[in-house]
$ cat protein-v3.cif   # mmCIF, C-alpha atoms and all ligand atoms
data_my_file
loop_
_atom_site.label_atom_id
_atom_site.label_comp_id
_atom_site.auth_asym_id
_atom_site.auth_seq_id
_atom_site.Cartn_x
_atom_site.Cartn_y
_atom_site.Cartn_z
CA MET A 255 -5.14 0.71 28.63
CA GLN A 256 -4.60 -2.95 27.70
CA ILE A 257 -5.08 -3.93 24.07
CA GLN A 258 -4.60 -7.00 21.89
CA ALA A 259 -1.91 -6.49 19.27
CA ALA A 260 0.19 -8.52 16.85
CA VAL A 261 3.80 -8.02 17.93
CA LEU A 262 6.83 -8.86 15.83
CA ARG A 263 9.49 -9.97 18.33
CA GLU A 264 11.88 -11.79 15.98
CA THR A 265 12.06 -11.91 12.19
CA THR A 266 11.08 -15.57 12.10
CA GLY A 267 7.93 -14.99 10.06
CA THR A 268 5.52 -15.34 12.98
CA LEU A 269 3.67 -12.67 14.93
CA SER A 270 2.81 -12.99 18.59
CA VAL A 271 -0.75 -11.89 19.39
CA GLU A 272 -0.60 -10.58 22.93
CA GLU A 273 -1.94 -8.10 25.46
CA ILE A 274 0.12 -4.94 25.56
CA GLU A 275 -0.21 -1.53 27.19
CA ILE A 276 -1.07 1.61 25.23
CA ALA A 277 -0.45 5.05 26.76
CA PRO A 278 -2.76 8.05 26.22
CA PRO A 279 -2.19 10.18 23.10
CA GLY A 280 0.47 12.86 23.42
CA TRP A 281 0.66 16.32 21.89
CA GLY A 282 -0.79 16.31 18.38
CA GLU A 283 -1.69 12.61 18.57
CA VAL A 284 -4.95 10.70 18.38
CA LEU A 285 -6.18 7.37 19.73
CA VAL A 286 -7.87 5.33 17.01
CA ARG A 287 -10.02 2.24 17.60
CA ILE A 288 -9.06 0.06 14.64
CA ALA A 289 -11.96 -1.45 12.68
CA ALA A 290 -9.95 -3.17 9.97
CA SER A 291 -6.31 -3.70 9.06
CA GLY A 292 -5.09 -5.12 5.75
CA LEU A 293 -2.29 -7.64 5.44
CA CYS A 294 0.30 -6.13 3.11
CA HIS A 295 3.20 -7.95 1.54
CA THR A 296 5.55 -5.38 3.05
CA ASP A 297 4.48 -6.66 6.49
CA TRP A 298 5.37 -10.17 5.37
CA GLU A 299 8.78 -9.00 4.12
CA THR A 300 9.36 -7.26 7.45
CA MET A 301 8.37 -10.40 9.37
CA HIS A 302 11.05 -12.26 7.40
CA GLY A 303 13.80 -9.68 7.85
CA GLN A 304 13.68 -8.44 4.24
CA GLN A 305 12.74 -4.90 5.24
CA PRO A 306 14.15 -2.95 8.18
CA CYS A 307 12.22 -2.78 11.45
CA VAL A 308 13.14 -1.91 15.03
CA LEU A 309 12.04 -4.83 17.24
CA PRO A 310 9.86 -5.58 19.03
CA ALA A 311 7.17 -3.74 17.09
CA VAL A 312 3.45 -3.73 16.48
CA ILE A 313 3.33 -3.99 12.70
CA GLY A 314 0.56 -3.21 10.19
CA HIS A 315 0.31 -0.06 8.10
CA GLU A 316 -3.01 -0.33 6.25
CA GLY A 317 -5.72 0.46 8.76
CA ALA A 318 -8.93 2.37 9.31
CA GLY A 319 -11.05 3.04 12.34
CA VAL A 320 -12.75 5.60 14.53
CA VAL A 321 -11.04 8.35 16.54
CA GLU A 322 -11.69 7.63 20.20
CA ALA A 323 -9.67 10.34 21.93
CA ILE A 324 -7.41 13.22 20.99
CA GLY A 325 -4.32 14.59 22.68
CA PRO A 326 -3.61 18.28 23.34
CA GLY A 327 -3.16 20.52 20.31
CA VAL A 328 -5.12 18.31 17.89
CA THR A 329 -7.16 20.31 15.38
CA LEU A 330 -7.44 18.08 12.29
CA VAL A 331 -9.78 15.41 13.69
CA ALA A 332 -12.30 14.97 16.50
CA PRO A 333 -13.54 11.98 18.50
CA GLY A 334 -16.03 9.98 16.46
CA ASP A 335 -14.41 10.79 13.10
CA HIS A 336 -13.93 7.86 10.75
CA VAL A 337 -10.35 7.82 9.55
CA ALA A 338 -8.14 5.92 7.12
CA LEU A 339 -4.54 5.82 8.30
CA SER A 340 -1.68 7.11 6.18
CA TRP A 341 1.74 5.61 6.79
CA SER A 342 3.30 8.83 5.68
CA PRO A 343 2.10 11.66 7.92
CA ASN A 344 3.85 14.92 7.15
CA CYS A 345 5.24 17.59 9.43
CA GLY A 346 4.39 20.48 7.11
CA ARG A 347 7.72 22.22 7.73
CA CYS A 348 10.61 20.21 6.31
CA PHE A 349 12.38 20.47 2.93
CA TYR A 350 9.98 18.02 1.24
CA CYS A 351 6.78 19.22 2.88
CA ASP A 352 7.74 22.70 1.70
CA ARG A 353 8.22 21.44 -1.86
CA GLY A 354 4.78 19.83 -2.00
CA GLN A 355 6.11 16.26 -1.66
CA PRO A 356 4.56 15.42 1.71
CA ILE A 357 5.03 11.66 1.47
CA LEU A 358 8.80 12.23 1.50
CA CYS A 359 8.59 14.18 4.80
CA GLU A 360 11.98 13.98 6.51
CA VAL A 361 10.55 14.08 10.02
CA ALA A 362 8.21 11.18 9.33
CA ARG A 363 10.95 9.16 7.65
CA ALA A 364 13.26 9.60 10.63
CA ALA A 365 10.53 8.46 13.03
CA ASN A 366 9.71 5.58 10.73
CA ALA A 367 13.34 4.42 10.72
CA ALA A 368 13.51 4.69 14.52
CA GLY A 369 10.22 2.82 15.04
CA THR A 370 8.73 5.69 17.01
CA MET A 371 6.18 8.47 16.92
CA LEU A 372 7.25 11.88 15.56
CA ASP A 373 8.73 12.86 18.96
CA GLY A 374 11.05 9.85 19.03
CA THR A 375 9.16 7.87 21.68
CA THR A 376 6.60 5.06 21.54
CA ARG A 377 3.15 4.63 23.12
CA PHE A 378 3.24 0.82 23.35
CA SER A 379 4.83 -1.29 26.06
CA ALA A 380 4.66 -4.73 27.63
CA GLY A 381 5.95 -5.60 31.10
CA GLY A 382 7.42 -2.08 31.34
CA ARG A 383 9.50 -2.57 28.16
CA PRO A 384 8.83 -0.36 25.13
CA ILE A 385 7.36 -1.83 21.94
CA HIS A 386 8.11 0.09 18.78
CA TYR A 387 5.97 1.53 16.05
CA TYR A 388 5.89 0.46 12.46
CA SER A 389 5.39 3.11 9.77
CA LEU A 390 3.85 5.39 12.41
CA VAL A 391 0.64 3.36 12.10
CA SER A 392 0.91 -0.07 13.82
CA SER A 393 -2.60 -1.06 12.82
CA HIS A 394 -2.54 -4.79 13.61
CA ALA A 395 -3.92 -3.89 17.03
CA GLU A 396 -7.29 -3.15 18.59
CA ARG A 397 -6.23 0.43 19.15
CA THR A 398 -3.32 2.58 18.06
CA ILE A 399 -2.07 6.10 18.54
CA VAL A 400 -1.00 8.04 15.48
CA PRO A 401 0.04 11.62 14.72
CA GLU A 402 -3.09 13.57 13.80
CA GLN A 403 -1.68 14.05 10.29
CA ALA A 404 -1.81 10.25 9.80
CA ALA A 405 -5.54 10.05 10.58
CA ILE A 406 -7.28 11.13 7.40
CA PRO A 407 -11.01 11.78 7.87
CA ILE A 408 -13.27 9.95 5.43
CA ARG A 409 -17.02 9.98 4.92
CA PRO A 410 -18.79 8.00 7.66
CA ASP A 411 -20.94 6.02 5.23
CA PHE A 412 -17.85 4.43 3.66
CA PRO A 413 -17.29 0.92 5.11
CA LEU A 414 -14.17 0.86 7.25
CA ASP A 415 -12.86 -2.49 5.96
CA ARG A 416 -12.66 -0.96 2.49
CA ALA A 417 -11.28 2.26 3.92
CA ALA A 418 -8.34 0.34 5.37
CA LEU A 419 -7.20 -0.57 1.85
CA LEU A 420 -6.85 3.09 0.94
CA GLY A 421 -3.98 3.33 3.43
CA CYS A 422 -1.51 1.31 1.38
CA ALA A 423 -2.42 -0.95 -1.56
CA VAL A 424 -5.10 1.14 -3.20
CA MET A 425 -3.34 4.48 -2.83
CA THR A 426 -0.09 2.97 -4.09
CA GLY A 427 -1.59 1.21 -7.10
CA TYR A 428 -4.19 3.78 -8.12
CA GLY A 429 -1.69 6.60 -7.57
CA GLY A 430 0.94 4.62 -9.46
CA ALA A 431 -1.29 4.57 -12.53
CA VAL A 432 -2.98 7.95 -12.25
CA HIS A 433 -0.40 10.19 -10.53
CA ALA A 434 2.94 8.61 -11.38
CA GLY A 435 1.90 6.99 -14.67
CA ARG A 436 -0.36 9.87 -15.71
CA VAL A 437 -2.50 7.37 -17.65
CA ARG A 438 -4.79 9.09 -20.17
CA PRO A 439 -7.79 7.84 -22.16
CA GLU A 440 -6.81 5.28 -24.84
CA ASP A 441 -3.33 4.77 -23.36
CA ALA A 442 -2.08 1.21 -23.67
CA VAL A 443 -1.19 0.04 -20.16
CA VAL A 444 0.49 -3.10 -18.87
CA VAL A 445 0.54 -4.03 -15.19
CA ILE A 446 3.01 -6.73 -14.19
CA GLY A 447 2.14 -8.30 -10.84
CA CYS A 448 -1.51 -8.61 -9.80
CA GLY A 449 -1.43 -8.50 -6.02
CA ALA A 450 -3.46 -5.82 -4.28
CA VAL A 451 -1.19 -3.01 -5.54
CA GLY A 452 -1.27 -4.26 -9.15
CA LEU A 453 -5.05 -4.76 -8.99
CA SER A 454 -5.39 -1.17 -7.77
CA ALA A 455 -3.18 0.04 -10.63
CA ILE A 456 -5.44 -1.84 -13.05
CA GLN A 457 -8.45 -0.08 -11.54
CA GLY A 458 -6.70 3.29 -11.83
CA ALA A 459 -5.96 2.60 -15.50
CA ARG A 460 -9.58 1.55 -16.13
CA ILE A 461 -10.97 4.64 -14.40
CA ALA A 462 -8.55 6.83 -16.41
CA GLY A 463 -9.92 5.32 -19.65
CA ALA A 464 -6.97 3.20 -20.77
CA TRP A 465 -7.21 0.51 -23.45
CA PRO A 466 -5.87 -2.10 -23.64
CA ILE A 467 -5.04 -2.92 -20.02
CA VAL A 468 -2.84 -5.99 -20.00
CA ALA A 469 -2.51 -7.79 -16.66
CA VAL A 470 0.46 -10.11 -16.15
CA ASP A 471 1.01 -12.64 -13.37
CA VAL A 472 1.86 -16.31 -12.94
CA ASN A 473 -1.14 -17.04 -10.69
CA PRO A 474 -4.42 -17.81 -12.54
CA LEU A 475 -6.42 -16.74 -9.48
CA LYS A 476 -4.88 -13.26 -9.59
CA LEU A 477 -5.44 -13.00 -13.33
CA GLY A 478 -9.12 -13.77 -12.72
CA TRP A 479 -9.35 -10.90 -10.22
CA ALA A 480 -7.49 -8.65 -12.67
CA GLU A 481 -10.08 -9.38 -15.34
CA ARG A 482 -12.95 -8.63 -12.98
CA LEU A 483 -11.38 -5.33 -11.90
CA GLY A 484 -10.63 -3.96 -15.36
CA ALA A 485 -7.94 -5.82 -17.30
CA THR A 486 -8.89 -6.20 -20.97
CA HIS A 487 -6.24 -8.89 -21.53
CA THR A 488 -4.49 -11.26 -19.16
CA VAL A 489 -1.17 -13.03 -19.63
CA ASN A 490 0.11 -15.91 -17.55
CA ALA A 491 3.86 -15.31 -17.83
CA ARG A 492 4.48 -19.03 -17.35
CA ASP A 493 2.72 -19.69 -20.66
CA ARG A 494 3.41 -16.63 -22.80
CA ASP A 495 5.98 -13.84 -22.97
CA PRO A 496 4.22 -10.70 -21.71
CA VAL A 497 6.53 -8.41 -23.70
CA THR A 498 5.52 -10.10 -26.97
CA VAL A 499 1.82 -9.92 -26.08
CA VAL A 500 2.02 -6.20 -25.28
CA ARG A 501 3.94 -5.44 -28.50
CA ASP A 502 1.42 -7.46 -30.54
CA LEU A 503 -1.40 -5.37 -29.09
CA THR A 504 0.35 -2.06 -29.79
CA ARG A 505 1.57 -2.40 -33.40
CA GLY A 506 4.93 -3.50 -32.13
CA ARG A 507 5.57 -0.34 -30.11
CA GLY A 508 4.96 -1.34 -26.49
CA ALA A 509 2.78 0.14 -23.77
CA ASP A 510 2.39 3.89 -23.24
CA VAL A 511 2.53 3.21 -19.50
CA ALA A 512 4.12 0.06 -18.05
CA ILE A 513 3.61 -0.55 -14.34
CA GLU A 514 5.62 -2.97 -12.20
CA ALA A 515 4.03 -4.31 -9.00
CA ALA A 516 5.82 -7.57 -8.29
CA GLY A 517 9.25 -6.50 -7.01
CA GLN A 518 11.43 -8.97 -8.86
CA ASN A 519 14.36 -8.44 -11.19
CA VAL A 520 12.63 -10.36 -13.98
CA THR A 521 9.40 -8.33 -13.69
CA ILE A 522 11.25 -5.01 -13.58
CA ARG A 523 13.08 -6.02 -16.75
CA GLN A 524 9.83 -7.15 -18.43
CA THR A 525 8.15 -3.87 -17.50
CA LEU A 526 10.93 -1.87 -19.13
CA GLU A 527 10.91 -4.06 -22.22
CA ALA A 528 7.10 -3.85 -22.50
CA SER A 529 7.13 -0.03 -22.49
CA ARG A 530 7.30 1.84 -25.76
CA PRO A 531 10.09 4.27 -26.64
CA GLY A 532 8.96 7.61 -25.24
CA GLY A 533 6.68 5.85 -22.79
CA ARG A 534 6.58 5.83 -19.03
CA VAL A 535 7.67 3.09 -16.64
CA VAL A 536 6.36 3.07 -13.07
CA ILE A 537 8.03 0.81 -10.53
CA LEU A 538 5.86 0.17 -7.49
CA GLY A 539 7.32 -3.15 -6.34
CA LYS A 540 10.46 -3.46 -4.27
CA THR A 541 13.08 -6.14 -3.93
CA ALA A 542 14.59 -7.19 -0.59
CA VAL A 543 16.94 -4.61 0.90
CA GLY A 544 20.44 -4.94 -0.59
CA GLN A 545 19.37 -6.94 -3.64
CA ASP A 546 20.74 -5.74 -7.00
CA VAL A 547 18.64 -5.38 -10.13
CA THR A 548 20.31 -5.92 -13.50
CA LEU A 549 18.90 -4.75 -16.82
CA PRO A 550 20.09 -4.98 -20.40
CA PHE A 551 20.93 -1.45 -21.48
CA THR A 552 18.86 -1.94 -24.63
CA SER A 553 15.74 -1.86 -22.45
CA LEU A 554 16.56 1.80 -21.72
CA MET A 555 17.32 2.78 -25.32
CA GLY A 556 15.39 5.38 -27.26
CA GLU A 557 13.81 7.49 -24.57
CA ARG A 558 11.86 6.44 -21.49
CA GLU A 559 10.68 8.05 -18.31
CA ILE A 560 11.20 5.77 -15.32
CA VAL A 561 9.42 6.62 -12.10
CA ARG A 562 9.82 4.82 -8.82
CA THR A 563 7.25 5.56 -6.10
CA SER A 564 6.37 3.92 -2.79
CA TYR A 565 2.99 5.52 -2.20
CA GLY A 566 1.66 6.40 -5.65
CA MET A 567 2.86 10.02 -5.41
CA SER A 568 -0.07 10.54 -3.11
CA ARG A 569 -1.26 13.41 -1.02
CA PRO A 570 -3.31 11.30 1.37
CA ARG A 571 -5.31 14.20 2.81
CA GLN A 572 -6.63 15.03 -0.66
CA ASP A 573 -6.59 11.56 -2.16
CA PHE A 574 -8.21 9.32 0.48
CA PRO A 575 -11.56 11.20 0.47
CA LYS A 576 -11.57 11.19 -3.36
CA LEU A 577 -10.88 7.46 -3.45
CA ALA A 578 -13.71 6.90 -0.96
CA ASP A 579 -16.03 8.86 -3.27
CA LEU A 580 -14.88 6.81 -6.28
CA ALA A 581 -15.60 3.64 -4.34
CA MET A 582 -19.02 4.85 -3.18
CA ARG A 583 -19.88 5.69 -6.81
CA GLY A 584 -19.06 2.10 -7.74
CA GLU A 585 -16.06 2.99 -9.92
CA LEU A 586 -13.34 1.79 -7.59
CA LEU A 587 -14.19 -1.81 -6.71
CA LEU A 588 -12.83 -2.46 -3.25
CA ASP A 589 -15.18 -5.13 -1.97
CA ASP A 590 -13.98 -7.42 -4.75
CA MET A 591 -10.42 -6.95 -3.53
CA ILE A 592 -11.14 -8.20 -0.01
CA THR A 593 -11.17 -11.94 -0.51
CA MET A 594 -10.64 -12.90 3.13
CA ARG A 595 -11.69 -11.42 6.46
CA LEU A 596 -10.29 -12.85 9.68
CA PRO A 597 -9.88 -12.06 13.39
CA LEU A 598 -6.59 -10.80 14.84
CA ALA A 599 -6.01 -14.18 16.48
CA ASP A 600 -5.68 -15.72 12.99
CA ILE A 601 -3.24 -13.16 11.60
CA ASN A 602 -0.46 -15.69 10.99
CA ARG A 603 -2.82 -17.86 8.95
CA GLY A 604 -3.77 -14.76 6.95
CA PHE A 605 -0.14 -14.06 6.10
CA GLY A 606 0.25 -17.71 5.07
CA GLU A 607 -2.64 -17.33 2.64
CA LEU A 608 -1.18 -14.06 1.33
CA GLN A 609 2.20 -15.63 0.71
CA ALA A 610 0.58 -18.65 -0.96
CA GLY A 611 -1.11 -16.27 -3.40
CA ASN A 612 -4.60 -17.31 -2.31
CA VAL A 613 -5.90 -13.83 -1.46
CA ALA A 614 -6.13 -10.48 -3.21
CA ARG A 615 -6.36 -8.79 0.17
CA ALA A 616 -6.89 -10.41 3.55
CA VAL A 617 -8.20 -7.98 6.13
CA ILE A 618 -8.20 -8.32 9.91
CA VAL A 619 -11.57 -7.16 11.21
CA PHE A 620 -12.11 -6.13 14.83
CA ASP A 621 -15.40 -6.47 16.67
CA GLY A 622 -15.01 -3.10 18.38
ZN ZN B 1 1.74 -1.84 2.34
ZN ZN B 2 7.92 17.22 6.63
#
$ encode --input "protein-v3.cif" --output "structure tokens" --more "lines below"
Ligand SMILES: [Zn+2]
Ligand SMILES: [Zn+2]
Amino acid sequence: MQIQAAVLRETTGTLSVEEIEIAPPGWGEVLVRIAASGLCHTDWETMHGQQPCVLPAVIGHEGAGVVEAIGPGVTLVAPGDHVALSWSPNCGRCFYCDRGQPILCEVARAANAAGTMLDGTTRFSAGGRPIHYYSLVSSHAERTIVPEQAAIPIRPDFPLDRAALLGCAVMTGYGGAVHAGRVRPEDAVVVIGCGAVGLSAIQGARIAGAWPIVAVDVNPLKLGWAERLGATHTVNARDRDPVTVVRDLTRGRGADVAIEAAGQNVTIRQTLEASRPGGRVVILGKTAVGQDVTLPFTSLMGEREIVRTSYGMSRPRQDFPKLADLAMRGELLLDDMITMRLPLADINRGFGELQAGNVARAVIVFDG
């Protein structure tokens, strides 16, 4: 079958939207017609060579759609199911799956590094040449094939553009606050970096009952979104020192839970310094591969728990349906996070807007 897809051929920052071939789903795999695919900053980093990727590849790892066909052996989903895609499908048998840490699945990580499906091959090609996978999802395409474990069924009344966000930003940020940060009612929380992940962490903190929730960024637009989604205080770090503001709000102690979602040395340092002794630090952002992070040792003094997580310590099969319920109850505000919708043909413009800081989330929507 021929499909339109955004292919990364070189790490020059530009995707090529082209017709490619997609093979039928193999054993344990499903064909998903993509309805929406979010533009994540990790995609942008990959397009610029800051994160590893086997080229050429169909990128995109934050998608949702409808199952169109299933391969042999599939039992977890059926044609017609609405699904949000997880970029961390788990084999169920490896060291980590056995320990109840499915997002660290060794089989999935090996496939991810190779740019393939779980069996080491790909389902995309163009002109007879293979095109690789990205995060086992490759959602910037009209259709994709994923392992059945990556297609998480969600309630059919939940809009698919919002469902796409569950696949990366929302799970990472909400899980960062609720699972990794273990935010409790009345906890003082600071979130440094108010992109889609940070905004989701703010929502997680609000839903968990935190107060205050201090949002920090250098972009007034993002601070406005943070306020709408649950921040009780906002700090533009160009104007004020966020560490001082957090200490002033917490009798000089610092935040119970400090969450980093910007991926810079300075923000990682600020997050540590804004946490209280005995508090918890959650690092969700990531720097470019190979970049060092330096910290003054005093920022570690006393006692602190530092947690680094890529996917909010999630268990997507349990968490995605719960997040959909939270959104349908009006507690998790996802529509407010989608500030731009655009067709696949305009994907490069969407990434430009993302990098310029003009969008909370831009989502590619497909006509079907
Ligand atoms: Zn992402
Ligand atoms: Zn596994």
$ residues_around --input "protein-v3.cif" --residues "Ile513 (chain A)" --least-positions-apart "4" --cutoff "8 Å" --atoms "only C-alpha atoms" --output "PyMOL selection string"
chain A and resi 430-431+435+443-446+455+525+535-538
$ write_last_selection --input "protein-v3.cif" --atoms "C-alpha atoms" --output "compact mmCIF listing (two decimals), keeping the file's coordinate frame"
# COMPACT_ATOMS: atom_id res chain seq x y z
CA GLY A 430 0.94 4.62 -9.46
CA ALA A 431 -1.29 4.57 -12.53
CA GLY A 435 1.90 6.99 -14.67
CA VAL A 443 -1.19 0.04 -20.16
CA VAL A 444 0.49 -3.10 -18.87
CA VAL A 445 0.54 -4.03 -15.19
CA ILE A 446 3.01 -6.73 -14.19
CA ALA A 455 -3.18 0.04 -10.63
CA THR A 525 8.15 -3.87 -17.50
CA VAL A 535 7.67 3.09 -16.64
CA VAL A 536 6.36 3.07 -13.07
CA ILE A 537 8.03 0.81 -10.53
CA LEU A 538 5.86 0.17 -7.49
$ residues_around --input "protein-v3.cif" --residues "Thr426 (chain A)" --least-positions-apart "3" --cutoff "9 Å" --atoms "only C-alpha atoms" --output "PyMOL selection string"
chain A and resi 420-423+429-431+451-452+454-455+538+563-568
$ closest_residue --input "protein-v3.cif" --among "A:Pro575, A:Gly533, A:Lys540, A:Leu483" --to "Glu557 (chain A)" --atoms "all atoms listed in the file"
A:Gly533
$ closest_atom_pairs --input "protein-v3.cif" --of "chain A" --to "ligand ZN 1 (chain B)" --cutoff "8 Å" --atoms "only C-alpha atoms and all ligand atoms" --output "JSON lines"
{"residue": "A:Leu293", "atom": "CA", "partner": "B:ZN1", "partner_atom": "ZN", "distance": 7.7}
{"residue": "A:Cys294", "atom": "CA", "partner": "B:ZN1", "partner_atom": "ZN", "distance": 4.6}
{"residue": "A:His295", "atom": "CA", "partner": "B:ZN1", "partner_atom": "ZN", "distance": 6.3}
{"residue": "A:Thr296", "atom": "CA", "partner": "B:ZN1", "partner_atom": "ZN", "distance": 5.2}
{"residue": "A:Asp297", "atom": "CA", "partner": "B:ZN1", "partner_atom": "ZN", "distance": 6.9}
{"residue": "A:His315", "atom": "CA", "partner": "B:ZN1", "partner_atom": "ZN", "distance": 6.2}
{"residue": "A:Glu316", "atom": "CA", "partner": "B:ZN1", "partner_atom": "ZN", "distance": 6.3}
{"residue": "A:Gly421", "atom": "CA", "partner": "B:ZN1", "partner_atom": "ZN", "distance": 7.8}
{"residue": "A:Cys422", "atom": "CA", "partner": "B:ZN1", "partner_atom": "ZN", "distance": 4.6}
{"residue": "A:Ala423", "atom": "CA", "partner": "B:ZN1", "partner_atom": "ZN", "distance": 5.8}
$ atom_distance --input "protein-v3.cif" --atom1 "CA of Arg571 (chain A)" --atom2 "CA of Ser342 (chain A)"
10.5 Å
$ atom_distance --input "protein-v3.cif" --atom1 "CA of Leu598 (chain A)" --atom2 "CA of Thr398 (chain A)"
14.1 Å
$ residues_around --input "protein-v3.cif" --residues "region 325-338 of chain A" --least-positions-apart "4" --cutoff "12 Å" --atoms "all atoms listed in the file" --output "PyMOL selection string"
chain A and resi 277-292+315-321+342-343+391+393+399-422+424-425+570-571+573-575+577-578
$ residues_near_ligand --input "protein-v3.cif" --ligand "ligand ZN 2 (chain B)" --cutoff "7 Å" --atoms "all atoms listed in the file" --output "list in words"
Asn344, Cys345, Gly346, Arg347, Cys348, Phe349, Tyr350, Cys351, Pro356, Cys359, Glu360, Val361 and Ala362 of chain A
$ closest_residue --input "protein-v3.cif" --among "A:Thr521, A:Ser529, A:Thr266, A:Gln545" --to "Ile560 (chain A)" --atoms "only C-alpha atoms"
A:Ser529
$ residues_around --input "protein-v3.cif" --residues "Arg482 (chain A)" --least-positions-apart "2" --cutoff "12 Å" --atoms "all atoms listed in the file" --output "number ranges by chain"
A: 448, 453-454, 456-457, 460, 469, 475-480, 484-488, 586-591
$ closest_residue --input "protein-v3.cif" --among "A:Thr375, A:Glu322, A:Phe620, A:Arg507" --to "Ala599 (chain A)" --atoms "all atoms listed in the file"
A:Phe620
$ residues_around --input "protein-v3.cif" --residues "region 256-263 of chain A" --least-positions-apart "4" --cutoff "10 Å" --atoms "all atoms listed in the file" --output "PyMOL selection string"
chain A and resi 267-277+297+300-301+307-314+378-380+385-388+392-398+598-599+601-602
$ atom_distance --input "protein-v3.cif" --atom1 "CA of Val489 (chain A)" --atom2 "CA of Leu580 (chain A)"
27.6 Å
$ closest_residue --input "protein-v3.cif" --among "A:Glu264, A:Asp510, A:Gly517, A:Arg558" --to "His302 (chain A)" --atoms "only C-alpha atoms"
A:Glu264
$ closest_residue --input "protein-v3.cif" --among "A:Ile592, A:Val547, A:Val432, A:Leu390" --to "Gly369 (chain A)" --atoms "only C-alpha atoms"
A:Leu390
$ closest_residue --input "protein-v3.cif" --among "A:Val500, A:Ala610, A:Met371, A:Val511" --to "Asp441 (chain A)" --atoms "only C-alpha atoms"
A:Val511
$ decode --input "protein-v3.cif" --residues "region 561-566 of chain A" --atoms "all heavy atoms" --output "JSON list (two decimals), in the first residue's frame"
[["chain", "number", "residue", "atom", "x", "y", "z"],
["A", 561, "VAL", "N", 15.35, 11.78, 40.53],
["A", 561, "VAL", "CA", 14.79, 10.76, 39.64],
["A", 561, "VAL", "C", 14.89, 11.27, 38.21],
["A", 561, "VAL", "O", 14.52, 12.40, 37.92],
["A", 561, "VAL", "CB", 13.30, 10.50, 39.96],
["A", 561, "VAL", "CG1", 12.76, 9.37, 39.10],
["A", 561, "VAL", "CG2", 13.10, 10.22, 41.44],
["A", 562, "ARG", "N", 15.37, 10.44, 37.34],
["A", 562, "ARG", "CA", 15.38, 10.78, 35.93],
["A", 562, "ARG", "C", 14.45, 9.77, 35.24],
["A", 562, "ARG", "O", 14.54, 8.57, 35.46],
["A", 562, "ARG", "CB", 16.80, 10.71, 35.39],
["A", 562, "ARG", "CG", 16.94, 10.46, 33.90],
["A", 562, "ARG", "CD", 16.55, 11.65, 33.03],
["A", 562, "ARG", "NE", 16.20, 11.11, 31.71],
["A", 562, "ARG", "CZ", 15.46, 11.73, 30.80],
["A", 562, "ARG", "NH1", 14.99, 12.93, 31.04],
["A", 562, "ARG", "NH2", 15.18, 11.16, 29.66],
["A", 563, "THR", "N", 13.50, 10.26, 34.44],
["A", 563, "THR", "CA", 12.62, 9.35, 33.71],
["A", 563, "THR", "C", 12.30, 9.92, 32.34],
["A", 563, "THR", "O", 12.17, 11.13, 32.17],
["A", 563, "THR", "CB", 11.31, 9.06, 34.49],
["A", 563, "THR", "OG1", 10.42, 8.36, 33.64],
["A", 563, "THR", "CG2", 10.63, 10.33, 34.98],
["A", 564, "SER", "N", 12.21, 9.02, 31.36],
["A", 564, "SER", "CA", 11.92, 9.43, 29.98],
["A", 564, "SER", "C", 10.43, 9.40, 29.69],
["A", 564, "SER", "O", 9.98, 10.06, 28.77],
["A", 564, "SER", "CB", 12.60, 8.48, 28.99],
["A", 564, "SER", "OG", 13.98, 8.63, 29.02],
["A", 565, "TYR", "N", 9.69, 8.60, 30.41],
["A", 565, "TYR", "CA", 8.29, 8.37, 30.01],
["A", 565, "TYR", "C", 7.40, 8.40, 31.25],
["A", 565, "TYR", "O", 6.38, 7.70, 31.31],
["A", 565, "TYR", "CB", 8.18, 7.02, 29.30],
["A", 565, "TYR", "CG", 7.10, 6.89, 28.24],
["A", 565, "TYR", "CD1", 7.01, 5.73, 27.47],
["A", 565, "TYR", "CD2", 6.20, 7.91, 27.98],
["A", 565, "TYR", "CE1", 6.05, 5.58, 26.49],
["A", 565, "TYR", "CE2", 5.23, 7.77, 26.99],
["A", 565, "TYR", "CZ", 5.16, 6.60, 26.25],
["A", 565, "TYR", "OH", 4.21, 6.46, 25.28],
["A", 566, "GLY", "N", 7.80, 9.21, 32.25],
["A", 566, "GLY", "CA", 6.96, 9.41, 33.42],
["A", 566, "GLY", "C", 6.70, 8.14, 34.21],
["A", 566, "GLY", "O", 5.65, 8.00, 34.84]]
